[in-house]
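One file, work-v8.cif, carrying mmCIF, C-alpha atoms:
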```cif
data_final
loop_
_atom_site.group_PDB
_atom_site.id
_atom_site.type_symbol
_atom_site.label_atom_id
_atom_site.label_comp_id
_atom_site.auth_asym_id
_atom_site.auth_seq_id
_atom_site.Cartn_x
_atom_site.Cartn_y
_atom_site.Cartn_z
ATOM 1 C CA MET A 9 11.192 42.581 -9.109
ATOM 2 C CA VAL A 10 9.221 39.363 -9.563
ATOM 3 C CA ARG A 11 8.942 37.203 -6.501
ATOM 4 C CA LYS A 12 8.873 33.504 -7.187
ATOM 5 C CA GLU A 13 7.078 31.124 -4.882
ATOM 6 C CA PRO A 14 9.430 28.502 -3.481
ATOM 7 C CA ALA A 15 8.884 25.060 -4.911
ATOM 8 C CA ALA A 16 7.171 22.687 -2.555
ATOM 9 C CA PRO A 17 9.513 20.019 -1.227
ATOM 10 C CA PRO A 18 8.876 16.565 -2.638
ATOM 11 C CA GLN A 19 6.405 14.549 -0.609
ATOM 12 C CA GLU A 20 7.726 11.585 1.355
ATOM 13 C CA LEU A 21 5.555 8.527 1.681
ATOM 14 C CA PRO A 22 5.866 6.098 4.585
ATOM 15 C CA ASP A 23 8.507 3.479 3.714
ATOM 16 C CA GLN A 24 6.144 0.530 3.310
ATOM 17 C CA GLU A 25 3.705 2.504 1.182
ATOM 18 C CA ALA A 26 6.514 3.781 -1.032
ATOM 19 C CA ARG A 27 7.946 0.280 -1.452
ATOM 20 C CA VAL A 28 4.595 -1.281 -2.386
ATOM 21 C CA LEU A 29 3.653 1.460 -4.855
ATOM 22 C CA GLY A 30 7.141 1.437 -6.342
ATOM 23 C CA VAL A 31 6.835 -2.276 -7.077
ATOM 24 C CA PHE A 32 3.326 -1.835 -8.491
ATOM 25 C CA LEU A 33 4.519 0.909 -10.825
ATOM 26 C CA ASP A 34 7.603 -1.072 -11.817
ATOM 27 C CA GLU A 35 5.649 -4.260 -12.503
ATOM 28 C CA LEU A 36 2.700 -2.635 -14.275
ATOM 29 C CA LEU A 37 4.727 -0.268 -16.443
ATOM 30 C CA ASP A 38 7.261 -2.916 -17.493
ATOM 31 C CA LEU A 39 6.858 -2.940 -21.264
ATOM 32 C CA SER A 40 8.576 -6.324 -21.530
ATOM 33 C CA LYS A 41 5.610 -8.028 -19.848
ATOM 34 C CA PRO A 42 2.990 -8.865 -22.474
ATOM 35 C CA ASP A 43 -0.010 -9.482 -20.186
ATOM 36 C CA ARG A 44 0.171 -6.835 -17.471
ATOM 37 C CA GLU A 45 -3.609 -6.612 -17.145
ATOM 38 C CA GLY A 46 -3.891 -10.318 -16.248
ATOM 39 C CA SER A 47 -0.845 -10.385 -13.985
ATOM 40 C CA ASP A 48 -0.778 -11.157 -10.275
ATOM 41 C CA THR A 49 0.229 -7.543 -9.700
ATOM 42 C CA ALA A 50 -2.819 -6.231 -11.569
ATOM 43 C CA ARG A 51 -5.116 -8.541 -9.602
ATOM 44 C CA LEU A 52 -3.529 -7.447 -6.313
ATOM 45 C CA VAL A 53 -3.844 -3.757 -7.210
ATOM 46 C CA SER A 54 -7.509 -4.209 -8.092
ATOM 47 C CA LEU A 55 -8.228 -6.001 -4.793
ATOM 48 C CA LEU A 56 -6.154 -3.850 -2.441
ATOM 49 C CA PRO A 57 -8.268 -1.519 -0.279
ATOM 50 C CA LEU A 58 -7.327 2.166 -0.316
ATOM 51 C CA GLU A 59 -7.524 2.155 3.496
ATOM 52 C CA LEU A 60 -4.294 0.171 3.566
ATOM 53 C CA PHE A 61 -2.479 3.389 2.675
ATOM 54 C CA SER A 62 -2.396 6.310 5.089
ATOM 55 C CA HIS A 63 -0.804 8.973 2.870
ATOM 56 C CA ARG A 64 -3.101 10.889 0.517
ATOM 57 C CA ILE A 65 -0.620 10.708 -2.362
ATOM 58 C CA ALA A 66 -0.272 6.938 -1.944
ATOM 59 C CA ARG A 67 -4.050 6.653 -2.115
ATOM 60 C CA GLU A 68 -4.159 8.867 -5.191
ATOM 61 C CA ILE A 69 -1.535 6.776 -7.010
ATOM 62 C CA LEU A 70 -3.322 3.526 -6.118
ATOM 63 C CA THR A 71 -6.679 4.963 -7.241
ATOM 64 C CA VAL A 72 -5.257 5.996 -10.613
ATOM 65 C CA LEU A 73 -3.571 2.598 -11.057
ATOM 66 C CA LYS A 74 -6.895 0.885 -10.345
ATOM 67 C CA GLU A 75 -8.648 3.125 -12.882
ATOM 68 C CA PHE A 76 -6.036 2.521 -15.568
ATOM 69 C CA LEU A 77 -6.099 -1.232 -15.044
ATOM 70 C CA SER A 78 -9.873 -1.270 -15.502
ATOM 71 C CA GLN A 79 -9.550 0.410 -18.924
ATOM 72 C CA PRO A 80 -8.502 -1.333 -22.133
ATOM 73 C CA GLY A 81 -5.235 -0.362 -23.739
ATOM 74 C CA THR A 82 -1.663 0.091 -22.714
ATOM 75 C CA LEU A 83 -0.673 1.469 -19.351
ATOM 76 C CA ASP A 84 2.167 3.914 -19.821
ATOM 77 C CA PHE A 85 3.781 6.342 -17.458
ATOM 78 C CA SER A 86 3.102 9.482 -19.505
ATOM 79 C CA SER A 87 -0.647 8.904 -19.513
ATOM 80 C CA LEU A 88 -0.559 7.852 -15.865
ATOM 81 C CA THR A 89 1.146 11.052 -14.717
ATOM 82 C CA THR A 90 -1.330 13.280 -16.541
ATOM 83 C CA HIS A 91 -4.031 11.854 -14.281
ATOM 84 C CA LEU A 92 -2.061 12.416 -11.087
ATOM 85 C CA GLY A 93 -2.101 15.639 -9.130
ATOM 86 C CA ALA A 94 0.830 18.054 -9.011
ATOM 87 C CA ASP A 95 2.226 16.347 -5.893
ATOM 88 C CA ALA A 96 1.590 12.751 -6.905
ATOM 89 C CA GLY A 97 3.170 12.813 -10.389
ATOM 90 C CA PRO A 98 6.719 13.564 -9.194
ATOM 91 C CA VAL A 99 6.303 11.105 -6.319
ATOM 92 C CA ALA A 100 5.253 8.346 -8.741
ATOM 93 C CA ALA A 101 8.242 9.129 -10.985
ATOM 94 C CA ARG A 102 10.616 8.981 -8.016
ATOM 95 C CA LEU A 103 9.085 5.706 -6.799
ATOM 96 C CA LEU A 104 9.472 4.155 -10.233
ATOM 97 C CA HIS A 105 13.089 5.291 -10.470
ATOM 98 C CA ASP A 106 13.949 4.162 -6.923
ATOM 99 C CA GLU A 107 12.328 0.771 -7.465
ATOM 100 C CA GLY A 108 14.331 0.179 -10.608
ATOM 101 C CA GLU A 109 17.536 0.885 -8.689
ATOM 102 C CA GLN A 110 16.413 -1.287 -5.759
ATOM 103 C CA ARG A 111 15.530 -4.181 -8.078
ATOM 104 C CA ALA A 112 18.986 -3.992 -9.648
ATOM 105 C CA ALA A 113 20.657 -3.923 -6.227
ATOM 106 C CA ASP A 114 18.578 -6.873 -4.938
ATOM 107 C CA ALA A 115 18.858 -8.984 -8.101
ATOM 108 C CA ASP A 116 20.741 -11.806 -6.363
ATOM 109 C CA LYS A 117 18.723 -11.882 -3.102
ATOM 110 C CA ALA A 118 16.051 -14.493 -2.441
ATOM 111 C CA GLY A 119 12.460 -13.246 -2.210
ATOM 112 C CA THR A 120 13.164 -10.060 -4.160
ATOM 113 C CA GLU A 121 11.600 -10.990 -7.463
ATOM 114 C CA GLY A 122 8.065 -10.177 -8.564
ATOM 115 C CA LEU A 123 5.546 -9.633 -5.794
ATOM 116 C CA GLY A 124 7.937 -11.265 -3.311
ATOM 117 C CA ARG A 125 9.531 -7.828 -3.151
ATOM 118 C CA ILE A 126 6.508 -6.463 -1.293
ATOM 119 C CA HIS A 127 5.467 -9.367 0.917
ATOM 120 C CA ILE A 128 7.005 -7.806 4.039
ATOM 121 C CA PRO A 129 5.774 -4.232 3.406
ATOM 122 C CA LEU A 130 2.248 -5.501 2.650
ATOM 123 C CA LEU A 131 2.233 -7.473 5.904
ATOM 124 C CA GLN A 132 3.363 -4.353 7.763
ATOM 125 C CA LEU A 133 0.652 -2.242 6.151
ATOM 126 C CA LYS A 134 -2.026 -4.829 6.933
ATOM 127 C CA ILE A 135 -0.878 -5.036 10.573
ATOM 128 C CA ARG A 136 -1.004 -1.244 10.887
ATOM 129 C CA LEU A 137 -4.517 -1.122 9.408
ATOM 130 C CA LEU A 138 -5.782 -3.849 11.743
ATOM 131 C CA GLU A 139 -4.156 -2.209 14.782
ATOM 132 C CA ASP A 140 -5.792 1.116 13.913
ATOM 133 C CA THR A 141 -9.144 -0.608 13.405
ATOM 134 C CA ALA A 142 -8.852 -2.372 16.766
ATOM 135 C CA LYS A 143 -7.885 0.869 18.507
ATOM 136 C CA ASN A 144 -10.873 2.628 16.942
ATOM 137 C CA LEU A 145 -13.221 -0.008 18.386
ATOM 138 C CA GLN A 146 -12.413 1.053 21.962
ATOM 139 C CA PRO A 147 -14.687 4.147 21.946
ATOM 140 C CA GLU A 148 -17.492 1.991 20.516
ATOM 141 C CA ILE A 149 -17.010 -0.533 23.333
ATOM 142 C CA GLN A 150 -16.986 2.225 25.953
ATOM 143 C CA LYS A 151 -20.084 3.898 24.501
ATOM 144 C CA ALA A 152 -21.990 0.616 24.517
ATOM 145 C CA ALA A 153 -20.912 -0.022 28.116
ATOM 146 C CA VAL A 154 -22.056 3.445 29.243
ATOM 147 C CA GLU A 155 -25.382 3.022 27.437
ATOM 148 C CA GLY A 156 -25.822 -0.468 28.874
ATOM 149 C CA ASP A 157 -26.040 -1.984 25.391
ATOM 150 C CA LEU A 158 -24.622 -5.411 26.226
ATOM 151 C CA PRO A 159 -25.081 -6.982 22.733
ATOM 152 C CA ALA A 160 -23.289 -4.059 21.045
ATOM 153 C CA ARG A 161 -20.485 -4.144 23.629
ATOM 154 C CA GLU A 162 -20.038 -7.895 23.232
ATOM 155 C CA ALA A 163 -20.054 -7.659 19.430
ATOM 156 C CA ALA A 164 -17.431 -4.885 19.425
ATOM 157 C CA THR A 165 -15.322 -6.723 22.006
ATOM 158 C CA ARG A 166 -15.520 -9.934 19.979
ATOM 159 C CA ARG A 167 -14.506 -8.035 16.830
ATOM 160 C CA LYS A 168 -11.560 -6.502 18.687
ATOM 161 C CA GLN A 169 -10.477 -9.962 19.882
ATOM 162 C CA GLU A 170 -10.699 -11.310 16.321
ATOM 163 C CA LEU A 171 -8.552 -8.421 15.125
ATOM 164 C CA ALA A 172 -6.014 -9.099 17.896
ATOM 165 C CA GLU A 173 -5.794 -12.751 16.818
ATOM 166 C CA GLU A 174 -5.318 -11.764 13.174
ATOM 167 C CA ILE A 175 -2.639 -9.240 14.182
ATOM 168 C CA ARG A 176 -0.780 -11.920 16.170
ATOM 169 C CA ARG A 177 -0.966 -14.294 13.188
ATOM 170 C CA LEU A 178 0.315 -11.655 10.767
ATOM 171 C CA LYS A 179 3.132 -10.648 13.126
ATOM 172 C CA ALA A 180 4.214 -14.288 13.373
ATOM 173 C CA GLU A 181 4.145 -14.533 9.567
ATOM 174 C CA LEU A 182 6.136 -11.302 9.317
ATOM 175 C CA LYS A 183 8.718 -12.555 11.813
ATOM 176 C CA ALA A 184 9.082 -15.845 9.908
ATOM 177 C CA GLU A 185 9.428 -14.066 6.567
ATOM 178 C CA MET A 186 12.067 -11.719 7.941
ATOM 179 C CA ALA A 187 13.991 -14.623 9.475
ATOM 180 C CA ARG A 188 13.815 -16.513 6.184
ATOM 181 C CA ARG A 189 15.418 -13.610 4.340
ATOM 182 C CA ILE A 190 18.373 -13.295 6.707
#
```
Will you turn the file into structure tokens for me?
Amino acid sequence: MVRKEPAAPPQELPDQEARVLGVFLDELLDLSKPDREGSDTARLVSLLPLELFSHRIAREILTVLKEFLSQPGTLDFSSLTTHLGADAGPVAARLLHDEGEQRAADADKAGTEGLGRIHIPLLQLKIRLLEDTAKNLQPEIQKAAVEGDLPAREAATRRKQELAEEIRRLKAELKAEMARRI
């Protein structure tokens, strides 16, 4: 009797990460677009920091997209999936499929075309990254206070305040964008 290993359940990405990557895949693999490499989506993918994504598969997909965009030639899904790990390939395929369905369902809604589809999720990801960065400054502030290193404490505190201001600004932008879409 041969015992088969159960198949691993498909990985679930956080909603915002899945939405953003789904749009990237949909936009970059759209064969009807003649200049994908020079598109706004390609520029955004090349500039987006990996730290914005918390899930390892999301980071892997973004890394491979960045690599493919930096190479000449056509970006197609079959060559993309051969460079993704065993977990990431099926996730990328599901994201691409789900995004196509979502785009069709949202076709008549304002703000759901092109990169407008990911404005809200990108804001949410940026806010999360900044909040995590600010939270991670607290031990640095405490260490500097214990060591009596006033310049280091003031610099870290100032950085945390700057992050808090940026977070407030992004949350206001997010609130306005969500209200606009209602």
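Remark: for A:Leu77, the closest of the candidate residues A:Ser54, A:Gln24, A:Gln132, A:Gln169 is A:Ser54 (distances computed over only C-alpha atoms).
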Excluding stretch 133-144 of chain A and any residue of its chain fewer than 5 positions from it, enumerate the residues within 9 Å of it, using all atoms listed in the file, and give them as number ranges by chain.
-> A: 24-25, 59-62, 128, 167-169, 171-172, 174-176, 178-179
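Shortest separation to A:Ala96 among A:Arg27, A:Ser78, A:Glu20, A:Glu162 occurs at residue A:Glu20, atoms counted being all atoms listed in the file.
Atom CA of A:Ala26 is positioned 16.0 Å from atom CA of A:Leu52.
The closest residue to A:Thr49, picked from A:His127, A:Gln110, A:Gln150, A:Leu21 and counting only C-alpha atoms, is A:His127.
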Quick one: distance from atom CA of A:Lys183 to atom CA of A:Ile69 in Å, one decimal?
-> 28.9 Å
Using all atoms listed in the file, which residue out of A:Leu158, A:Val99, A:Leu92, A:Leu130 lies closest to A:Val53?
-> A:Leu130
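Considering the residues A:Leu55, A:Glu185, A:Leu36, A:Arg166 and counting all atoms listed in the file, A:Gly124 has its shortest atom-to-atom contact with A:Glu185.
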Between atom CA of A:His105 and atom CA of A:Asp34, what is the distance, to one decimal in Å?
-> 8.5 Å
